[in-house]
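Pasted below: my_file-v2.cif, mmCIF, C-alpha atoms.
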```
data_work
#
loop_
_atom_site.label_atom_id
_atom_site.label_comp_id
_atom_site.auth_asym_id
_atom_site.auth_seq_id
_atom_site.Cartn_x
_atom_site.Cartn_y
_atom_site.Cartn_z
CA MET A 192 49.77 11.34 58.59
CA TYR A 193 51.27 13.65 56.00
CA TYR A 194 49.68 12.75 52.70
CA VAL A 195 50.62 13.69 49.17
CA GLY A 196 47.50 12.67 47.24
CA THR A 197 44.95 9.95 46.49
CA CYS A 198 45.95 6.49 45.32
CA ARG A 199 45.42 5.99 41.60
CA CYS A 200 45.51 2.23 42.14
CA CYS A 201 42.45 1.90 44.41
CA GLY A 202 40.95 5.35 43.93
CA GLN A 203 40.14 6.11 47.56
CA GLY A 204 43.22 5.60 49.71
CA LEU A 205 45.33 8.47 50.94
CA LEU A 206 49.01 8.36 50.05
CA GLY A 207 50.93 8.89 53.25
CA ILE A 208 54.62 9.38 53.80
CA ARG A 209 55.85 6.28 55.62
CA ILE A 210 59.22 5.63 57.20
CA CYS A 211 59.82 1.92 56.72
CA CYS A 212 62.77 1.11 58.97
CA GLU A 213 65.63 2.40 61.10
CA ASP A 214 67.43 3.62 58.02
CA GLU A 215 64.62 6.19 57.76
CA ILE A 216 63.88 5.42 54.17
CA GLY A 217 60.81 7.30 53.00
CA LEU A 218 58.01 5.61 51.07
CA ILE A 219 54.69 6.72 49.71
CA LEU A 220 52.16 4.23 51.04
CA CYS A 221 48.43 3.97 50.32
CA GLU A 222 46.71 3.44 53.67
CA GLU A 223 43.78 1.75 51.89
CA CYS A 224 45.35 -0.75 49.47
CA GLU A 225 49.06 -0.62 50.46
CA ALA A 226 50.30 0.41 47.02
CA ILE A 227 53.83 1.78 47.38
CA TRP A 228 55.87 4.30 45.45
CA LEU A 229 59.40 5.36 46.23
CA HIS A 230 58.84 9.02 45.44
CA PRO A 231 55.97 11.47 46.11
CA THR A 232 55.42 12.01 42.39
CA CYS A 233 54.39 8.32 42.22
CA PRO A 234 56.12 7.45 38.96
CA GLY A 235 55.25 4.25 37.11
CA SER A 236 53.52 1.19 38.48
CA PRO A 237 53.26 0.83 42.24
CA LEU A 238 54.97 -1.87 44.27
CA PHE A 239 53.01 -4.00 46.72
CA PRO A 240 54.15 -5.42 50.03
CA GLN A 241 54.50 -9.18 50.21
CA GLN A 242 51.70 -10.93 52.08
CA PRO A 243 50.98 -12.15 54.68
CA ASP A 244 53.25 -9.79 56.63
CA SER A 245 52.96 -6.78 54.32
CA ALA A 246 56.73 -6.82 53.97
CA CYS A 247 58.24 -3.64 52.61
CA PRO A 248 59.58 -4.19 49.07
CA ARG A 249 62.69 -2.16 49.99
CA CYS A 250 63.74 -3.41 53.40
CA ASN A 251 61.58 -6.55 53.62
CA ARG A 252 60.27 -5.65 57.09
CA PRO A 253 56.57 -5.32 57.91
CA ILE A 254 55.32 -1.89 56.93
CA TRP A 255 52.64 -1.82 59.64
CA GLN A 256 54.86 -2.71 62.60
CA PRO A 257 57.48 -0.68 64.45
CA PRO A 258 59.92 0.68 63.67
CA ALA A 259 57.91 1.56 60.55
CA HIS A 260 55.72 4.64 61.14
CA TRP A 261 54.11 7.61 59.47
CA ALA A 262 56.68 10.33 58.95
CA THR A 263 56.89 13.21 61.39
CA GLN A 264 57.30 16.78 60.24
CA ALA A 265 61.02 16.57 60.99
CA GLU A 266 61.32 13.46 58.83
CA VAL A 267 59.39 15.08 56.00
CA ASP A 268 61.84 17.99 56.26
CA ARG A 269 64.82 15.64 56.20
CA LEU A 270 63.44 13.82 53.15
CA ASP A 271 62.91 17.24 51.56
CA TRP A 272 59.38 16.22 50.57
CA ASN A 273 57.55 19.22 52.05
CA GLU A 274 56.61 20.57 48.66
CA TYR A 275 54.58 17.42 47.93
CA VAL A 276 52.58 17.39 51.16
CA LEU A 277 48.94 18.35 50.72
CA SER A 278 48.00 18.22 54.38
CA ASP A 279 48.27 16.37 57.66
CA TRP A 280 45.36 14.09 58.45
CA GLU A 281 45.46 13.07 62.08
CA ASN A 282 42.91 10.22 61.91
CA GLY A 283 45.24 8.21 59.73
CA SER A 284 48.19 8.29 62.07
CA MET B 156 -32.26 -2.66 13.46
CA THR B 157 -30.90 -0.01 15.75
CA GLY B 158 -34.12 0.00 17.69
CA ARG B 159 -34.05 -3.73 18.29
CA PHE B 160 -31.04 -3.82 20.57
CA PRO B 161 -30.94 -0.41 22.21
CA THR B 162 -29.90 -1.71 25.62
CA SER B 163 -27.11 -4.03 24.55
CA GLY B 164 -25.73 -1.35 22.16
CA SER B 165 -25.33 1.27 24.88
CA ARG B 166 -23.89 -1.40 27.19
CA GLY B 167 -21.34 -2.24 24.51
CA LEU B 168 -20.38 1.39 24.13
CA ARG B 169 -20.04 1.77 27.90
CA ALA B 170 -17.94 -1.39 28.11
CA THR B 171 -15.63 -0.15 25.35
CA GLY B 172 -15.29 3.20 27.08
CA LEU B 173 -14.48 1.53 30.40
CA THR B 174 -11.91 -0.70 28.73
CA TRP B 175 -10.13 2.31 27.24
CA LEU B 176 -10.27 4.11 30.59
CA VAL B 177 -8.64 1.13 32.31
CA ILE B 178 -5.97 0.92 29.59
CA LEU B 179 -5.23 4.64 29.95
CA LEU B 180 -4.97 4.34 33.74
CA LEU B 181 -2.63 1.35 33.45
CA ALA B 182 -0.47 3.19 30.92
CA ALA B 183 -0.28 6.23 33.20
CA TRP B 184 0.67 4.01 36.16
CA TYR B 185 3.35 2.29 34.09
CA LEU B 186 4.90 5.57 32.96
CA VAL B 187 4.80 7.35 36.33
CA VAL B 188 5.15 4.72 39.04
CA ARG B 189 7.21 1.91 37.51
CA PRO B 190 10.48 3.85 36.97
CA MET B 191 10.52 4.71 40.69
CA VAL B 192 10.01 1.06 41.65
CA VAL B 193 12.51 -0.48 39.23
CA GLU B 194 15.38 2.00 39.53
CA PRO B 195 15.62 3.22 43.10
CA ALA B 196 19.34 3.89 42.86
CA ALA B 197 19.14 5.96 39.69
CA GLY B 198 17.65 9.07 41.23
CA PRO B 199 18.95 11.21 44.07
CA LEU B 200 18.17 9.80 47.47
CA PRO B 201 16.66 12.05 50.08
CA SER B 202 19.22 11.13 52.68
CA PRO B 203 22.68 9.53 52.68
CA ALA B 204 21.84 7.78 55.91
CA PRO B 205 22.43 4.04 55.65
CA SER B 206 19.35 2.00 54.83
CA ALA B 207 19.97 -1.51 56.04
CA GLU B 208 17.22 -3.14 54.02
CA SER B 209 18.62 -2.19 50.61
CA ALA B 210 21.83 -4.15 50.97
CA ALA B 211 20.78 -6.84 53.38
CA ASP B 212 17.51 -7.86 51.79
CA SER B 213 19.04 -8.45 48.39
CA ALA B 214 22.12 -10.37 49.42
CA GLU B 215 21.88 -14.15 49.26
CA PRO B 216 21.09 -15.75 52.64
CA GLY B 217 24.14 -17.19 54.34
CA LEU B 218 26.66 -15.03 52.52
CA GLY B 219 29.28 -13.21 54.55
CA GLN B 220 29.49 -15.70 57.37
CA LEU B 221 33.02 -16.27 58.60
CA THR B 222 34.67 -19.50 59.65
CA ASP B 223 37.70 -19.37 61.95
CA GLN B 224 40.54 -21.34 60.37
CA GLY B 225 43.05 -20.67 63.13
CA ASN B 226 46.02 -18.28 63.21
CA GLY B 227 43.64 -15.38 62.79
CA LEU B 228 42.47 -16.55 59.37
CA LEU B 229 38.77 -16.10 58.66
CA ARG B 230 37.16 -17.71 55.61
CA SER B 231 33.90 -16.28 54.26
CA THR B 232 30.99 -18.25 52.81
CA ALA B 233 32.02 -17.36 49.26
CA GLY B 234 35.65 -18.30 49.93
CA LEU B 235 37.35 -14.98 50.65
CA LEU B 236 40.16 -14.98 53.19
CA TYR B 237 40.41 -12.26 55.82
CA ALA B 238 43.87 -12.46 57.41
CA PRO B 239 45.96 -10.49 59.87
CA GLY B 240 47.49 -7.41 58.28
CA SER B 241 46.84 -3.78 57.38
CA GLN B 242 47.09 -0.69 59.50
CA GLU B 243 44.26 -1.94 61.72
CA GLY B 244 45.98 -5.26 62.41
CA HIS B 245 43.43 -7.43 60.58
CA ARG B 246 41.84 -7.19 57.13
CA LEU B 247 38.40 -7.61 58.63
CA LYS B 248 38.91 -4.51 60.77
CA HIS B 249 40.32 -2.71 57.77
CA VAL B 250 37.26 -3.47 55.64
CA LEU B 251 34.94 -2.58 58.52
CA ARG B 252 36.28 0.97 58.33
CA HIS B 253 33.81 1.21 55.46
CA ASP B 254 30.86 0.50 57.72
CA ASN B 255 30.87 4.13 58.83
CA ASP B 256 31.46 7.46 57.20
CA GLN B 257 34.50 9.57 58.00
CA PRO B 258 33.12 12.98 57.02
CA SER B 259 36.33 14.82 57.79
CA ARG B 260 38.54 12.43 55.87
CA PRO B 261 40.07 14.07 52.78
CA GLY B 262 38.84 12.71 49.46
CA LEU B 263 36.31 9.92 49.02
CA HIS B 264 35.34 7.23 51.49
CA GLY B 265 32.88 4.53 50.40
CA VAL B 266 30.41 3.50 53.09
CA PHE B 267 28.35 0.30 53.03
CA ASP B 268 24.68 0.33 54.02
CA GLY B 269 23.61 -1.77 56.96
CA ASP B 270 25.72 -3.41 59.61
CA ALA B 271 28.89 -5.52 59.52
CA ASP B 272 26.98 -8.66 58.49
CA ASP B 273 25.40 -6.83 55.56
CA LEU B 274 28.81 -5.48 54.54
CA LEU B 275 30.36 -8.95 54.48
CA ALA B 276 27.38 -10.39 52.62
CA VAL B 277 27.65 -7.76 49.88
CA ILE B 278 31.39 -8.35 49.53
CA ASP B 279 30.74 -12.09 49.25
CA GLU B 280 28.04 -11.48 46.67
CA ALA B 281 30.47 -9.37 44.65
CA TYR B 282 33.11 -12.11 44.88
CA LEU B 283 30.66 -14.72 43.59
CA LEU B 284 30.03 -12.47 40.58
CA VAL B 285 33.80 -12.18 40.06
CA LYS B 286 34.10 -15.96 40.06
CA ALA B 287 31.15 -16.31 37.69
CA GLY B 288 32.44 -13.62 35.32
CA GLY B 289 30.14 -11.49 33.20
CA ARG B 290 29.28 -7.94 32.34
CA GLN B 291 28.87 -6.79 35.92
CA VAL B 292 32.57 -7.28 36.61
CA LYS B 293 35.52 -5.29 35.34
CA SER B 294 38.92 -6.57 36.42
CA ARG B 295 42.48 -5.43 36.06
CA ARG B 296 45.78 -6.89 37.21
CA GLU B 297 48.25 -4.88 39.27
CA ARG B 298 51.33 -7.07 39.63
CA GLN B 299 50.44 -9.88 42.07
CA ARG B 300 46.94 -8.61 42.78
CA MET B 301 43.61 -8.13 41.08
CA VAL B 302 41.31 -5.14 41.32
CA HIS B 303 37.69 -6.06 40.55
CA ASP B 304 34.95 -3.48 40.10
CA VAL B 305 31.60 -5.22 40.55
CA ASP B 306 28.35 -3.53 39.60
CA LEU B 307 25.61 -4.87 41.89
CA ARG B 308 22.98 -2.80 40.06
CA ARG B 309 21.37 -1.55 43.25
CA ARG B 310 22.25 0.77 46.06
CA ILE B 311 24.69 -0.86 48.47
CA GLY B 312 25.98 2.24 50.21
CA PHE B 313 27.01 5.80 49.58
CA VAL B 314 30.08 7.87 48.89
CA GLY B 315 31.26 9.60 52.02
CA GLY B 316 34.39 11.39 53.15
CA ARG B 317 34.93 15.09 52.70
CA GLU B 318 34.62 14.94 48.92
CA GLY B 319 31.61 12.64 49.06
CA ARG B 320 29.87 15.07 51.39
CA ARG B 321 30.66 17.92 49.01
CA GLN B 322 28.97 15.89 46.23
CA GLY B 323 25.87 15.32 48.39
CA ASN B 324 26.82 11.76 49.41
CA PRO B 325 25.76 10.07 46.15
CA PRO B 326 24.57 6.44 46.32
CA ALA B 327 27.11 3.70 45.62
CA THR B 328 26.10 0.73 43.48
CA ARG B 329 29.49 -0.90 42.90
CA VAL B 330 32.08 -2.66 45.04
CA ARG B 331 35.82 -2.48 44.46
CA LEU B 332 37.56 -5.67 45.59
CA VAL B 333 41.33 -5.64 45.87
CA LEU B 334 42.52 -9.24 46.19
CA GLU B 335 45.65 -11.33 46.13
CA ASP B 336 44.31 -14.69 45.08
CA ASP B 337 41.44 -15.16 47.54
CA ARG B 338 43.02 -12.90 50.16
CA VAL B 339 41.21 -9.62 50.81
CA ILE B 340 43.43 -6.55 50.78
CA THR B 341 40.53 -4.12 50.86
CA ALA B 342 36.95 -3.72 49.66
CA PHE B 343 34.68 -0.70 49.55
CA PRO B 344 31.65 0.67 47.74
CA PHE B 345 31.83 3.44 45.18
#
```

Using structure tokens, write down the structure from this file.
Amino acid sequence: MYYVGTCRCCGQGLLGIRICCEDEIGLILCEECEAIWLHPTCPGSPLFPQQPDSACPRCNRPIWQPPAHWATQAEVDRLDWNEYVLSDWENGS
Amino acid sequence: MTGRFPTSGSRGLRATGLTWLVILLLAAWYLVVRPMVVEPAAGPLPSPAPSAESAADSAEPGLGQLTDQGNGLLRSTAGLLYAPGSQEGHRLKHVLRHDNDQPSRPGLHGVFDGDADDLLAVIDEAYLLVKAGGRQVKSRRERQRMVHDVDLRRRIGFVGGREGRRQGNPPATRVRLVLEDDRVITAFPF
């Protein structure tokens, strides 16, 4: 999981780059509390997926089920978000 | 006059001296020993290793027990709902990530003392305090959810992860509950 920082909403979660659907839209998703931002700079208040399915606020599909997935290096390149990536943490993938 | 009660006079002096000695000893005990007994979480702990008794012994009996409500829904004694969801597939599994340290994980990772039952009991205890209100609870709203920081005023775990290890795995005395109504999103000590 390529992460860009720590979640300011819960204080402990890592903010990973998530691809939410086939359209390959990139999200910043906290793997601890599911706070979502649409850009790696995490501007403003976060969005939260709708329960009980954790539906993505953009595409309305579950963020934890395929085709949603943590972004690959190629997808991070395509999103042009490399400059925001702090590291790759394999346990979170 | 002094010669009439020589024995009782020296006894009286001895008794007074003994009384003062006892008072001094009690005062010394109070100053030295009592702070260690009353505030175990205040000082540095010799080891970050989980100590099951600290969390488990203080939690109310019966807390943290789960009732299966069907469709994967689990209701705790205090009324929290653990439902399917999260990266792990179920909120219970997600919360149980905090039963063990992840020393290589970047940043902080709160780890509960004791086993899974102790973890659930402490979370339930924190939720009861949320429902009761009071100084031990600080809450904030984030859109449709609430984030509650509950101070349990005793050690309930430690701060792990890579950053926690760098800090010497300090003890954790608070629980952060992230809830949507009674539905658990996550919970961990800090």

Given the PyMOL selection byres ((chain A) within 9 of (chain B)), the residues it picks as a PDB file with C-alpha atoms, in the coordinates of the input:
```pdb
ATOM      1  CA  GLY A 196      47.500  12.670  47.240  1.00  0.00           C
ATOM      2  CA  THR A 197      44.950   9.950  46.490  1.00  0.00           C
ATOM      3  CA  CYS A 200      45.510   2.230  42.140  1.00  0.00           C
ATOM      4  CA  CYS A 201      42.450   1.900  44.410  1.00  0.00           C
ATOM      5  CA  GLY A 202      40.950   5.350  43.930  1.00  0.00           C
ATOM      6  CA  GLN A 203      40.140   6.110  47.560  1.00  0.00           C
ATOM      7  CA  GLY A 204      43.220   5.600  49.710  1.00  0.00           C
ATOM      8  CA  LEU A 205      45.330   8.470  50.940  1.00  0.00           C
ATOM      9  CA  GLU A 222      46.710   3.440  53.670  1.00  0.00           C
ATOM     10  CA  GLU A 223      43.780   1.750  51.890  1.00  0.00           C
ATOM     11  CA  CYS A 224      45.350  -0.750  49.470  1.00  0.00           C
ATOM     12  CA  GLU A 225      49.060  -0.620  50.460  1.00  0.00           C
ATOM     13  CA  SER A 236      53.520   1.190  38.480  1.00  0.00           C
ATOM     14  CA  PRO A 237      53.260   0.830  42.240  1.00  0.00           C
ATOM     15  CA  LEU A 238      54.970  -1.870  44.270  1.00  0.00           C
ATOM     16  CA  PHE A 239      53.010  -4.000  46.720  1.00  0.00           C
ATOM     17  CA  GLN A 242      51.700 -10.930  52.080  1.00  0.00           C
ATOM     18  CA  PRO A 243      50.980 -12.150  54.680  1.00  0.00           C
ATOM     19  CA  ASP A 244      53.250  -9.790  56.630  1.00  0.00           C
ATOM     20  CA  SER A 245      52.960  -6.780  54.320  1.00  0.00           C
ATOM     21  CA  ILE A 254      55.320  -1.890  56.930  1.00  0.00           C
ATOM     22  CA  TRP A 255      52.640  -1.820  59.640  1.00  0.00           C
ATOM     23  CA  GLN A 256      54.860  -2.710  62.600  1.00  0.00           C
ATOM     24  CA  TRP A 280      45.360  14.090  58.450  1.00  0.00           C
ATOM     25  CA  ASN A 282      42.910  10.220  61.910  1.00  0.00           C
ATOM     26  CA  GLY A 283      45.240   8.210  59.730  1.00  0.00           C
TER      27      GLY A 283
END
```

**OP:** State, in Å with one decimal place, the distance from atom CA of B:Ala233 to atom CA of B:Asp279.
**Re:** 5.4 Å

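One distance worth recording is that between atom CA of A:Trp228 and atom CA of A:Ala265, which is 20.5 Å.
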
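When atom CA of B:His245 is paired with atom CA of B:Gly227, their separation reads 8.3 Å.
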
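Counting only C-alpha atoms, the residue from A:Pro253, A:Gly207, A:Gly217, A:Pro248 that sits nearest to A:Ser278 is A:Gly207.
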
**OP:** May I have the protein, DNA and RNA residues with an atom at most 12 Å from (58.5, 18.7, 49.8), counting all atoms listed in the file in the file's coordinates, returned as number ranges by chain?
**Re:** A: 193-195, 208, 230-232, 264-278

Output C-alpha atoms for every residue in that selection, as a PDB file, in the frame of the given file.
```pdb
ATOM      1  CA  TYR A 193      51.270  13.650  56.000  1.00  0.00           C
ATOM      2  CA  TYR A 194      49.680  12.750  52.700  1.00  0.00           C
ATOM      3  CA  VAL A 195      50.620  13.690  49.170  1.00  0.00           C
ATOM      4  CA  ILE A 208      54.620   9.380  53.800  1.00  0.00           C
ATOM      5  CA  HIS A 230      58.840   9.020  45.440  1.00  0.00           C
ATOM      6  CA  PRO A 231      55.970  11.470  46.110  1.00  0.00           C
ATOM      7  CA  THR A 232      55.420  12.010  42.390  1.00  0.00           C
ATOM      8  CA  GLN A 264      57.300  16.780  60.240  1.00  0.00           C
ATOM      9  CA  ALA A 265      61.020  16.570  60.990  1.00  0.00           C
ATOM     10  CA  GLU A 266      61.320  13.460  58.830  1.00  0.00           C
ATOM     11  CA  VAL A 267      59.390  15.080  56.000  1.00  0.00           C
ATOM     12  CA  ASP A 268      61.840  17.990  56.260  1.00  0.00           C
ATOM     13  CA  ARG A 269      64.820  15.640  56.200  1.00  0.00           C
ATOM     14  CA  LEU A 270      63.440  13.820  53.150  1.00  0.00           C
ATOM     15  CA  ASP A 271      62.910  17.240  51.560  1.00  0.00           C
ATOM     16  CA  TRP A 272      59.380  16.220  50.570  1.00  0.00           C
ATOM     17  CA  ASN A 273      57.550  19.220  52.050  1.00  0.00           C
ATOM     18  CA  GLU A 274      56.610  20.570  48.660  1.00  0.00           C
ATOM     19  CA  TYR A 275      54.580  17.420  47.930  1.00  0.00           C
ATOM     20  CA  VAL A 276      52.580  17.390  51.160  1.00  0.00           C
ATOM     21  CA  LEU A 277      48.940  18.350  50.720  1.00  0.00           C
ATOM     22  CA  SER A 278      48.000  18.220  54.380  1.00  0.00           C
TER      23      SER A 278
END
```

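For the choices B:Ala271, B:Leu176, B:Ala327, B:Ala281, the atom-to-atom distance to B:Gln220 is smallest for B:Ala271 when using all atoms listed in the file.
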
Original post:
Exactly which residues make up the result of the PyMOL selection byres ((chain B and resi 305) around 7) on this file, given as number ranges by chain?
Top reply: B: 281, 291-293, 303-304, 306-307, 329-331

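Applied to this file, the PyMOL selection byres ((chain B and resi 256) around 6) selects Asn255, Gln257, Pro258, Val266 and Gly315 of chain B.
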
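Nearest residue to B:Leu274, choosing from B:Asn226, B:Ser231, B:Gln322, B:Thr171 and counting all atoms listed in the file: B:Ser231.
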